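Structure first, then comments.
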Amino acid sequence: MIPARIIERKRNGEVLTPSELEAFLLGYLDEDVQEPQMAAFLMAVYFRGLDPRELDTLVDVMLHSGGVLDAHGIGGPVVDKHSTGGVGDKVSLPLAPLAAALGLVVPMISGRGLGHTGGTRDKLESIPGFRTDLTTTEVMRVLERVGCVIAGQTEQVAPLDRRLYALRDITGTVSSIPLISASIMSKKLAEGLDGLVLDVKVGEGAFIPEEARALELARTMTGIGVRRGVRTRALLTAMDRPLGRAIGNALEVVESVECLRGEGPPDLRELVLELGAEMLGVGGVTEDLGEARARAEAALDSGAALERFRRMVQEQGGDPGLVDDPSRLPKASESAPFRAERAGFVSRVTPSVLGMAIIEMGGGRRKLGDPVDPSVGFMLHVEPGQRIERGETLATVHASDRAGLEVGLKALSAAVQIVESREARAALLPLVSARVEPELDALGAQGGRERDTVLGQRS
Ligand code: URA
């Protein structure tokens with residue numbers, strides 16, 4: 001295998017054979033293929049894409065570059081949910097314990113904030129003492145005791161993805177559908193799942209904002225899952241505005257606890273219930289989505305999911321007292337209201353602007369290893385579509401100093417768009433706009449026949 005020849009072939013749009021591609025990838029792991037060569041290869045893939053066989057080879061080499069968890073001994077279908085990432089997306093925090101309360105086993109591997117999007121690990125680590133850097137033995141222990149665990153990617157999980165991801169991050173090759181799909185699915189398949197639900201974000205704050213490409217991403221990932229015998233479904237969900245009202249690590253933990261209490265913003269609750277019902281579906285518990293949804297609602301409203309969350313926090317070293325007393329979470333020393341300069345209607349709240357501002361305020365990373373201030377962020381008091389009065393408080397900025405407040409207020413001025421009339425408001429995406437479910441028994445080389453259901457119209 002001559003690395004430069006493989007790169008040239010991909011650059012020219014040719015299709016690599018499985019053995020060629022495998023040799024190139026294994027060569028990278030063995031240091032025979034150098035970083036600049038892999039960077040050039042990734043750029044070639046970015047422009048030329050991968051055909052289905054190449055994609056399968058990439059996924060398999062990534063997956064088998066590490067170990068695969070086996071949580072089947074615990075009892076219960078092993079199921080997870082993964083989101084492609086957004087702003088204010090704290091769904092995993094209430095959803096993992098909810099699914100555990102419903103009898104599923106959830107070994108959730110989560111990431112840190114990426115670009116303008118927040119990361120589940122960073123949110124949970126705002127809980128004093130909470131550890132996400134668990135060993136495989138610790139992951140299994142928490143799973144046995146609680147039924148769910150939320151931890152980081154260990155050295156043993158898809159190490160090739162870790163290296164490729166770090167390289168993509170610095171070479172402008174993140175937003176490629178085959179590369180995102182292989183990266184996410186290799187990590188999820190390493191959890192040894194029976195079923196997987198993908199929350200594919202669409203809209204301005206998503207990595208793949210356009211609806212058609214988000215659908216392609218959903219089809220690519222679900223195809224990868226079912227070809228390996230994992231029941232995989234995807235929902236396309238709105239990220240043309242932030243999810244819920246809280247943005248920022250500790251603020252999002254508080255909102256997650258509210259959701260677990262049966263309170264909190266309706267869009268967050270709705271998405272948690274929809275994804276929870278789908279998890280019961282892919283776990284083979286019930287095919288009836290109505291019944292699944294009713295079970296999820298009952299587990300949320302009875303406090304069963306909250307109780308699992310409390311136990312998960314305790315088992316992962318965190319302070320379980322925060323469930324009853326959220327004031328134990330880190331609090332920003334400064335806060336300021338953002339008020340409407342005129343009456344009208346909120347037309348848009350642009351997610352990426354707020355996500356980027358959080359990084360600037362110290363709540364995210366500019367580079368790997370940067371410390372994160374968990375207390376900073378935004379609380380939105382209005383949502384797109386809503387009528388507002390002049391002087392009304394639209395949001396509150398939480399920051400660690402005056403400079404942070406300024407950054408936050410400036411970001412809100414840019415992100416919150418006010419229009420004069422109801423008619424002038426921007427059209428919003430439905431919370432859930434489509435559902436993708438490949439048929440397990442109808443798979444060809446292209447990933448099988450999908451059943452896409454378009455669920456909603458823009459409002
Ligand atoms: N999350 C991942 O794990 N990988 C990607 O490529 C993008 C988002």
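Each chain of the structure tokens is named A, B, ... in the order shown, its residues numbered from 1; ligands are numbered from 1 in display order.
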
Nearby polymer residues, ligand 1, at most 7 Å, only C-alpha atoms and all ligand atoms, as a ChimeraX atom specification = /A:84-85,111,165,174,179-181,183-184

Select from segment 130-181 of chain A everything DSSP, run on the backbone, classes as alpha helix (DSSP H), then give the selection as number ranges by chain.
-> A: 136-146, 159-169, 177-181

Residues near Met221 of chain A, cut-off 8 Å, only C-alpha atoms, skip fewer than 3 positions along chain, as a PyMOL selection string | chain A and resi 181-182+185+217-218+224-225

Can those selected residues be exported to a file as a PDB file, in the first residue's frame so that it contains all heavy atoms?
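The file below, selection_34.pdb, is the result:
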```pdb
ATOM      1  N   SER A 181     -21.061  10.459  10.157  1.00  0.00           N
ATOM      2  CA  SER A 181     -21.804   9.198  10.361  1.00  0.00           C
ATOM      3  C   SER A 181     -20.893   8.114  10.915  1.00  0.00           C
ATOM      4  O   SER A 181     -21.254   7.416  11.874  1.00  0.00           O
ATOM      5  CB  SER A 181     -22.396   8.718   9.033  1.00  0.00           C
ATOM      6  OG  SER A 181     -23.239   9.701   8.498  1.00  0.00           O
ATOM      7  N   ALA A 182     -19.714   7.959  10.315  1.00  0.00           N
ATOM      8  CA  ALA A 182     -18.801   6.901  10.769  1.00  0.00           C
ATOM      9  C   ALA A 182     -18.324   7.185  12.188  1.00  0.00           C
ATOM     10  O   ALA A 182     -18.216   6.276  13.018  1.00  0.00           O
ATOM     11  CB  ALA A 182     -17.612   6.802   9.820  1.00  0.00           C
ATOM     12  N   MET A 185     -21.402   6.644  14.637  1.00  0.00           N
ATOM     13  CA  MET A 185     -21.879   5.263  14.694  1.00  0.00           C
ATOM     14  C   MET A 185     -20.814   4.297  15.210  1.00  0.00           C
ATOM     15  O   MET A 185     -21.143   3.330  15.887  1.00  0.00           O
ATOM     16  CB  MET A 185     -22.390   4.833  13.315  1.00  0.00           C
ATOM     17  CG  MET A 185     -23.662   5.543  12.899  1.00  0.00           C
ATOM     18  SD  MET A 185     -25.034   5.397  14.090  1.00  0.00           S
ATOM     19  CE  MET A 185     -25.451   3.662  13.925  1.00  0.00           C
ATOM     20  N   LEU A 217     -28.049  12.577   6.328  1.00  0.00           N
ATOM     21  CA  LEU A 217     -27.254  12.143   7.484  1.00  0.00           C
ATOM     22  C   LEU A 217     -28.022  11.079   8.281  1.00  0.00           C
ATOM     23  O   LEU A 217     -27.464  10.047   8.677  1.00  0.00           O
ATOM     24  CB  LEU A 217     -26.942  13.357   8.371  1.00  0.00           C
ATOM     25  CG  LEU A 217     -26.162  13.092   9.656  1.00  0.00           C
ATOM     26  CD1 LEU A 217     -24.762  12.556   9.368  1.00  0.00           C
ATOM     27  CD2 LEU A 217     -26.046  14.376  10.498  1.00  0.00           C
ATOM     28  N   ALA A 218     -29.324  11.342   8.487  1.00  0.00           N
ATOM     29  CA  ALA A 218     -30.154  10.391   9.244  1.00  0.00           C
ATOM     30  C   ALA A 218     -30.201   9.049   8.529  1.00  0.00           C
ATOM     31  O   ALA A 218     -30.071   7.988   9.146  1.00  0.00           O
ATOM     32  CB  ALA A 218     -31.562  10.958   9.411  1.00  0.00           C
ATOM     33  N   ILE A 224     -26.157   2.428   8.608  1.00  0.00           N
ATOM     34  CA  ILE A 224     -24.972   1.812   9.251  1.00  0.00           C
ATOM     35  C   ILE A 224     -25.422   0.926  10.412  1.00  0.00           C
ATOM     36  O   ILE A 224     -24.946  -0.194  10.596  1.00  0.00           O
ATOM     37  CB  ILE A 224     -24.000   2.908   9.757  1.00  0.00           C
ATOM     38  CG1 ILE A 224     -23.348   3.631   8.574  1.00  0.00           C
ATOM     39  CG2 ILE A 224     -22.931   2.317  10.682  1.00  0.00           C
ATOM     40  CD1 ILE A 224     -22.547   4.870   8.982  1.00  0.00           C
ATOM     41  N   GLY A 225     -26.359   1.420  11.200  1.00  0.00           N
ATOM     42  CA  GLY A 225     -26.824   0.669  12.375  1.00  0.00           C
ATOM     43  C   GLY A 225     -27.510  -0.630  11.982  1.00  0.00           C
ATOM     44  O   GLY A 225     -27.131  -1.711  12.453  1.00  0.00           O
TER      45      GLY A 225
END
```

Just the residues within 9 Å of Ala190 of chain A, please, counting only C-alpha atoms, with nothing from its chain fewer than 4 positions along; format it as a PyMOL selection string.
-> chain A and resi 63-64+66-70+157-158+185-186

Using only C-alpha atoms, which residues sit within 8 Å of Glu274 of chain A once same-chain residues fewer than 4 positions away are excluded, as a PyMOL selection string?
-> chain A and resi 270+278+293

Do a neighbour search on Ser421 of chain A at 7 Å with only C-alpha atoms, toss out local chain neighbours closer than 3 positions, and write the hits as number ranges by chain.
-> A: 344-345, 424

Selected residues, N, CA, C and O atoms, written as a CSV table (one decimal), in the first residue's frame, please.
```csv
chain,number,residue,atom,x,y,z
A,344,GLY,N,-43.3,44.2,19.9
A,344,GLY,CA,-43.4,43.4,18.6
A,344,GLY,C,-43.5,41.9,18.9
A,344,GLY,O,-44.1,41.5,19.9
A,345,PHE,N,-43.0,41.2,18.0
A,345,PHE,CA,-43.0,39.7,18.1
A,345,PHE,C,-41.5,39.2,18.0
A,345,PHE,O,-40.8,39.7,17.2
A,424,ALA,N,-44.9,39.0,10.0
A,424,ALA,CA,-43.5,39.1,9.6
A,424,ALA,C,-42.6,38.1,10.3
A,424,ALA,O,-41.4,38.1,10.0
```

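Nearest residue to Arg163 of chain A, choosing from A:Ser126, A:Arg219, A:Glu420, A:Ser65 and counting only C-alpha atoms: A:Ser65.
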
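You will find atom CA of Ile208 of chain A at 19.3 Å from atom CA of Thr120 of chain A.
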
Find the residues around Ala206 of chain A up to 7 Å (only C-alpha atoms counted), leave out those fewer than 3 positions away in its own chain, and share them as an MDAnalysis selection string.
-> chainID A and resid 85:86 201:203 209 239

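Distance annotation: of A:Asp267, A:Asp80, A:Leu280, A:Ala234, the residue with the minimal separation from Lys187 of chain A is A:Asp80; atom set is only C-alpha atoms.
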
Could you build a table of the residues in segment 150-225 of chain A lying no more than 12 Å from segment 354-374 of chain A, giving for each the nearest pair of atoms and their separation in Å rounded to one decimal place, using only C-alpha atoms, ordered by chain and ascending residue number, as a Markdown table?
```
| residue | atom | partner | partner_atom | distance |
| --- | --- | --- | --- | --- |
| A:Ala166 | CA | A:Leu368 | CA | 9.2 |
| A:Asp169 | CA | A:Lys367 | CA | 10.2 |
| A:Ile170 | CA | A:Lys367 | CA | 10.1 |
| A:Glu204 | CA | A:Gly355 | CA | 11.5 |
| A:Gly205 | CA | A:Gly355 | CA | 8.5 |
| A:Ala206 | CA | A:Gly355 | CA | 11.1 |
```

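Restricting the calculation to only C-alpha atoms, the smallest distance between Arg425 of chain A and any of A:Ala395, A:Val15, A:Val285, A:Val349 is found for A:Val349.
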
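Checking A:Gly404, A:Gly244, A:Pro107, A:Pro320 one by one against Arg141 of chain A, counting only C-alpha atoms, you find the shortest gap at A:Pro107.
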
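Using only C-alpha atoms, the nearest neighbour of Ser333 of chain A within the list A:Leu268, A:Arg402, A:Ala212, A:Ala298 is A:Arg402.
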
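With only C-alpha atoms as the atoms that count, the minimum distance from Tyr28 of chain A to the choices A:Val106, A:Leu160, A:Ala99, A:Leu380 is reached by A:Leu160.
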